[in-house]
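One structure is given below, encoded as structure tokens.
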Amino acid sequence: MKKFALIAALLLGSAMPAAAAELILNSGWQTDEVSDTNSASLSSPWTFTLAASADLLLTDAFAVSDIYTVFNSGDGSLIATSSFTTDGDATVADFFGVSWLDTSFSRLRYTFGPGSYSINIFGDCAGGCPAGFGLQLLSNDAVVPEPATWAMLIAGFGLVGGAMRRRSAVAA
């Protein structure tokens, strides 16, 4: 009877859907893969919540020719599809950053507004299965220096100006 209960528990556990993967804002590239043509990626659905707008970046980096499609997990609506267009804005000079600049790999950039999202990513495995890719979520917030940084900048200009003034006075 204990064996039967153990087997039943294992079967029920394997039948439950996998937990959603969380995509964390500004945390760098995360990896995922599609194991079968036009099937959701292994980590789908990806979930995230945004207080301000942010860009989703996705790039193929393992086999050329793969196209990825992003769908809303809730209603199944199409959000974006990767393409082979150039986008010179590489975020980091790492493995996926280099692939982002390589036009032989597909990529997509999509801007999400504030809100909570759950997305599924599908791939066509045109370059072969499994088809791996990298994705990241980047904040669109403009970076504004802190007041202490402004103070250091102004003090530095003052010191350089003072040194130039002293040097010209000595030369005359």
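All residue names refer to the structure tokens as shown: chains lettered A, B, ... in order, residues numbered from 1 in each chain, ligands numbered from 1 in order.
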
Practice problem: Write out as a list in words which residues come within 10 Å of Phe84 (chain A) when counting only C-alpha atoms, dropping same-chain ones fewer than 6 positions away. | Solution: Thr59, Val64, Ser65, Asp66, Ile67, Trp100, Asp102, Thr103, Ser104, Phe105, Ser106, Arg107 and Leu108 of chain A

Exercise. Please provide the set of residues having any atom within 10 Å of Tyr110 (chain A), restricted to only C-alpha atoms, with same-chain residues fewer than 3 positions apart removed, written as a ChimeraX atom specification.
Key: /A:54-58,70,79-82,113,137

Suppose we keep N, CA and C atoms; can you now write the selection as a PDB file, in the first residue's frame?
```pdb
ATOM      1  N   ALA A  54       9.981  48.839 -19.780  1.00  0.00           N
ATOM      2  CA  ALA A  54      11.252  48.122 -19.910  1.00  0.00           C
ATOM      3  C   ALA A  54      11.264  47.369 -21.229  1.00  0.00           C
ATOM      4  N   ASP A  55      12.470  47.087 -21.733  1.00  0.00           N
ATOM      5  CA  ASP A  55      12.641  46.356 -22.987  1.00  0.00           C
ATOM      6  C   ASP A  55      12.945  44.892 -22.730  1.00  0.00           C
ATOM      7  N   LEU A  56      12.253  44.021 -23.448  1.00  0.00           N
ATOM      8  CA  LEU A  56      12.593  42.602 -23.472  1.00  0.00           C
ATOM      9  C   LEU A  56      13.522  42.395 -24.657  1.00  0.00           C
ATOM     10  N   LEU A  57      14.707  41.854 -24.397  1.00  0.00           N
ATOM     11  CA  LEU A  57      15.652  41.521 -25.460  1.00  0.00           C
ATOM     12  C   LEU A  57      15.755  40.015 -25.527  1.00  0.00           C
ATOM     13  N   LEU A  58      15.682  39.459 -26.730  1.00  0.00           N
ATOM     14  CA  LEU A  58      15.807  38.024 -26.936  1.00  0.00           C
ATOM     15  C   LEU A  58      16.710  37.812 -28.137  1.00  0.00           C
ATOM     16  N   VAL A  70       6.941  35.454 -29.296  1.00  0.00           N
ATOM     17  CA  VAL A  70       6.524  35.692 -27.913  1.00  0.00           C
ATOM     18  C   VAL A  70       5.017  35.910 -27.898  1.00  0.00           C
ATOM     19  N   ILE A  79       2.754  38.833 -29.271  1.00  0.00           N
ATOM     20  CA  ILE A  79       3.406  40.049 -28.785  1.00  0.00           C
ATOM     21  C   ILE A  79       4.486  40.489 -29.765  1.00  0.00           C
ATOM     22  N   ALA A  80       5.400  39.583 -30.132  1.00  0.00           N
ATOM     23  CA  ALA A  80       6.503  39.950 -31.031  1.00  0.00           C
ATOM     24  C   ALA A  80       7.130  38.696 -31.628  1.00  0.00           C
ATOM     25  N   THR A  81       7.827  38.874 -32.753  1.00  0.00           N
ATOM     26  CA  THR A  81       8.558  37.796 -33.417  1.00  0.00           C
ATOM     27  C   THR A  81       9.967  38.282 -33.706  1.00  0.00           C
ATOM     28  N   SER A  82      10.958  37.418 -33.487  1.00  0.00           N
ATOM     29  CA  SER A  82      12.346  37.798 -33.749  1.00  0.00           C
ATOM     30  C   SER A  82      12.588  37.912 -35.246  1.00  0.00           C
ATOM     31  N   GLY A 113       5.031  48.182 -21.175  1.00  0.00           N
ATOM     32  CA  GLY A 113       4.690  49.264 -20.258  1.00  0.00           C
ATOM     33  C   GLY A 113       4.552  48.730 -18.846  1.00  0.00           C
ATOM     34  N   LEU A 137      15.605  41.508 -19.474  1.00  0.00           N
ATOM     35  CA  LEU A 137      14.654  42.597 -19.323  1.00  0.00           C
ATOM     36  C   LEU A 137      15.443  43.810 -18.842  1.00  0.00           C
TER      37      LEU A 137
END
```

Exercise. Compile the contact shell of Ala52 (chain A) as a ChimeraX atom specification: residues with an atom at most 10 Å away, counting only C-alpha atoms, same-chain residues fewer than 3 positions apart removed.
Key: /A:49,112-115,139-141

Quiz prompt | Residue neighbourhood region 40-46 of chain A, 12 Å, only C-alpha atoms, exclusion window fewer than 5 positions, as a PyMOL selection string | solution = chain A and resi 17-24+30-35+56+68-74+76+116-125+129-137

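Taking CA of Leu138 (chain A) and CA of Leu25 (chain A) as the two end points, the separation is 5.8 Å.
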
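Proximity of A:Glu146, A:Ala61, A:Thr37, A:Leu50 to Phe96 (chain A), computed with only C-alpha atoms, is greatest for A:Ala61.
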
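Minimum distance to Ser83 (chain A) across A:Asp60, A:Ser39, A:Thr47, A:Met152 (counting only C-alpha atoms) occurs at A:Asp60.
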
Write down as an mmCIF file with N, CA and C atoms, in the first residue's frame the residues belonging to region 42-170 of chain A that are assigned strand (DSSP E or B) by DSSP computed on the backbone.
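Full text of result32.cif as output:
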```cif
data_model
loop_
_atom_site.group_PDB
_atom_site.id
_atom_site.type_symbol
_atom_site.label_atom_id
_atom_site.label_comp_id
_atom_site.auth_asym_id
_atom_site.auth_seq_id
_atom_site.Cartn_x
_atom_site.Cartn_y
_atom_site.Cartn_z
ATOM 1 N N TRP A 46 7.267 32.809 -18.735
ATOM 2 C CA TRP A 46 8.132 33.755 -18.037
ATOM 3 C C TRP A 46 7.223 34.835 -17.463
ATOM 4 N N THR A 47 7.422 35.190 -16.210
ATOM 5 C CA THR A 47 6.585 36.212 -15.590
ATOM 6 C C THR A 47 7.454 37.363 -15.083
ATOM 7 N N PHE A 48 6.878 38.558 -15.090
ATOM 8 C CA PHE A 48 7.559 39.731 -14.540
ATOM 9 C C PHE A 48 6.547 40.835 -14.287
ATOM 10 N N THR A 49 6.887 41.720 -13.362
ATOM 11 C CA THR A 49 6.060 42.871 -13.028
ATOM 12 C C THR A 49 6.923 44.114 -13.155
ATOM 13 N N LEU A 50 6.389 45.131 -13.824
ATOM 14 C CA LEU A 50 7.143 46.356 -14.073
ATOM 15 C C LEU A 50 6.434 47.563 -13.471
ATOM 16 N N ALA A 54 9.981 48.839 -19.780
ATOM 17 C CA ALA A 54 11.252 48.122 -19.910
ATOM 18 C C ALA A 54 11.264 47.369 -21.229
ATOM 19 N N ASP A 55 12.470 47.087 -21.733
ATOM 20 C CA ASP A 55 12.641 46.356 -22.987
ATOM 21 C C ASP A 55 12.945 44.892 -22.730
ATOM 22 N N LEU A 56 12.253 44.021 -23.448
ATOM 23 C CA LEU A 56 12.593 42.602 -23.472
ATOM 24 C C LEU A 56 13.522 42.395 -24.657
ATOM 25 N N LEU A 57 14.707 41.854 -24.397
ATOM 26 C CA LEU A 57 15.652 41.521 -25.460
ATOM 27 C C LEU A 57 15.755 40.015 -25.527
ATOM 28 N N LEU A 58 15.682 39.459 -26.730
ATOM 29 C CA LEU A 58 15.807 38.024 -26.936
ATOM 30 C C LEU A 58 16.710 37.812 -28.137
ATOM 31 N N THR A 59 17.691 36.925 -28.008
ATOM 32 C CA THR A 59 18.568 36.625 -29.132
ATOM 33 C C THR A 59 18.897 35.148 -29.188
ATOM 34 N N ASP A 60 18.914 34.654 -30.407
ATOM 35 C CA ASP A 60 19.387 33.301 -30.664
ATOM 36 C C ASP A 60 20.904 33.385 -30.622
ATOM 37 N N TYR A 68 12.027 33.102 -33.118
ATOM 38 C CA TYR A 68 11.297 32.957 -31.859
ATOM 39 C C TYR A 68 10.097 33.894 -31.853
ATOM 40 N N THR A 69 9.014 33.417 -31.253
ATOM 41 C CA THR A 69 7.788 34.183 -31.174
ATOM 42 C C THR A 69 7.353 34.262 -29.724
ATOM 43 N N VAL A 70 6.941 35.454 -29.296
ATOM 44 C CA VAL A 70 6.524 35.692 -27.913
ATOM 45 C C VAL A 70 5.017 35.910 -27.898
ATOM 46 N N PHE A 71 4.326 35.143 -27.053
ATOM 47 C CA PHE A 71 2.877 35.232 -26.914
ATOM 48 C C PHE A 71 2.505 35.578 -25.478
ATOM 49 N N ASN A 72 1.362 36.243 -25.316
ATOM 50 C CA ASN A 72 0.788 36.492 -24.000
ATOM 51 C C ASN A 72 0.256 35.163 -23.476
ATOM 52 N N LEU A 78 -0.364 37.370 -29.927
ATOM 53 C CA LEU A 78 1.009 37.557 -30.379
ATOM 54 C C LEU A 78 1.551 38.875 -29.841
ATOM 55 N N ILE A 79 2.754 38.833 -29.271
ATOM 56 C CA ILE A 79 3.406 40.049 -28.785
ATOM 57 C C ILE A 79 4.486 40.489 -29.765
ATOM 58 N N ALA A 80 5.400 39.583 -30.132
ATOM 59 C CA ALA A 80 6.503 39.950 -31.031
ATOM 60 C C ALA A 80 7.130 38.696 -31.628
ATOM 61 N N THR A 81 7.827 38.874 -32.753
ATOM 62 C CA THR A 81 8.558 37.796 -33.417
ATOM 63 C C THR A 81 9.967 38.282 -33.706
ATOM 64 N N SER A 83 13.613 38.696 -35.593
ATOM 65 C CA SER A 83 13.976 38.865 -36.999
ATOM 66 C C SER A 83 15.493 38.983 -37.105
ATOM 67 N N ARG A 107 16.911 38.183 -33.496
ATOM 68 C CA ARG A 107 16.797 38.905 -32.231
ATOM 69 C C ARG A 107 15.476 39.671 -32.212
ATOM 70 N N LEU A 108 15.040 40.027 -31.022
ATOM 71 C CA LEU A 108 13.879 40.904 -30.918
ATOM 72 C C LEU A 108 14.043 41.808 -29.724
ATOM 73 N N ARG A 109 13.462 42.995 -29.851
ATOM 74 C CA ARG A 109 13.389 43.966 -28.759
ATOM 75 C C ARG A 109 11.933 44.417 -28.717
ATOM 76 N N TYR A 110 11.332 44.312 -27.551
ATOM 77 C CA TYR A 110 9.943 44.726 -27.402
ATOM 78 C C TYR A 110 9.823 45.509 -26.106
ATOM 79 N N THR A 111 9.134 46.645 -26.152
ATOM 80 C CA THR A 111 8.968 47.476 -24.965
ATOM 81 C C THR A 111 7.633 47.166 -24.303
ATOM 82 N N PHE A 112 7.700 46.797 -23.038
ATOM 83 C CA PHE A 112 6.514 46.562 -22.214
ATOM 84 C C PHE A 112 6.287 47.784 -21.334
ATOM 85 N N GLY A 115 3.116 47.121 -15.557
ATOM 86 C CA GLY A 115 2.100 46.083 -15.377
ATOM 87 C C GLY A 115 2.715 44.744 -15.073
ATOM 88 N N SER A 116 1.866 43.732 -14.947
ATOM 89 C CA SER A 116 2.307 42.356 -14.693
ATOM 90 C C SER A 116 2.109 41.550 -15.969
ATOM 91 N N TYR A 117 3.097 40.727 -16.294
ATOM 92 C CA TYR A 117 3.073 39.989 -17.551
ATOM 93 C C TYR A 117 3.424 38.527 -17.340
ATOM 94 N N SER A 118 2.882 37.701 -18.201
ATOM 95 C CA SER A 118 3.222 36.287 -18.269
ATOM 96 C C SER A 118 3.301 35.956 -19.760
ATOM 97 N N ILE A 119 4.493 35.532 -20.208
ATOM 98 C CA ILE A 119 4.693 35.300 -21.636
ATOM 99 C C ILE A 119 5.195 33.885 -21.895
ATOM 100 N N ASN A 120 4.833 33.365 -23.055
ATOM 101 C CA ASN A 120 5.356 32.097 -23.552
ATOM 102 C C ASN A 120 6.213 32.389 -24.762
ATOM 103 N N ILE A 121 7.338 31.692 -24.878
ATOM 104 C CA ILE A 121 8.235 31.871 -26.011
ATOM 105 C C ILE A 121 8.284 30.572 -26.798
ATOM 106 N N PHE A 122 8.013 30.667 -28.097
ATOM 107 C CA PHE A 122 8.006 29.518 -28.994
ATOM 108 C C PHE A 122 9.125 29.691 -30.008
ATOM 109 N N GLY A 123 9.633 28.581 -30.536
ATOM 110 C CA GLY A 123 10.673 28.627 -31.556
ATOM 111 C C GLY A 123 10.351 27.673 -32.687
ATOM 112 N N ALA A 131 16.696 24.321 -29.528
ATOM 113 C CA ALA A 131 17.072 25.663 -29.957
ATOM 114 C C ALA A 131 17.194 26.561 -28.734
ATOM 115 N N GLY A 132 18.422 26.921 -28.401
ATOM 116 C CA GLY A 132 18.662 27.750 -27.221
ATOM 117 C C GLY A 132 18.656 29.228 -27.564
ATOM 118 N N PHE A 133 18.323 30.049 -26.571
ATOM 119 C CA PHE A 133 18.318 31.494 -26.749
ATOM 120 C C PHE A 133 18.580 32.176 -25.414
ATOM 121 N N GLY A 134 18.902 33.454 -25.482
ATOM 122 C CA GLY A 134 19.102 34.261 -24.285
ATOM 123 C C GLY A 134 18.089 35.383 -24.262
ATOM 124 N N LEU A 135 17.646 35.764 -23.077
ATOM 125 C CA LEU A 135 16.718 36.872 -22.957
ATOM 126 C C LEU A 135 17.035 37.673 -21.710
ATOM 127 N N GLN A 136 16.696 38.943 -21.747
ATOM 128 C CA GLN A 136 16.857 39.797 -20.582
ATOM 129 C C GLN A 136 15.845 40.917 -20.632
ATOM 130 N N LEU A 137 15.605 41.508 -19.474
ATOM 131 C CA LEU A 137 14.654 42.597 -19.323
ATOM 132 C C LEU A 137 15.443 43.810 -18.842
ATOM 133 N N LEU A 138 15.458 44.876 -19.650
ATOM 134 C CA LEU A 138 16.242 46.072 -19.336
ATOM 135 C C LEU A 138 15.342 47.268 -19.064
ATOM 136 N N SER A 139 15.653 47.984 -18.003
ATOM 137 C CA SER A 139 14.917 49.182 -17.632
ATOM 138 C C SER A 139 15.125 50.281 -18.658
#
```
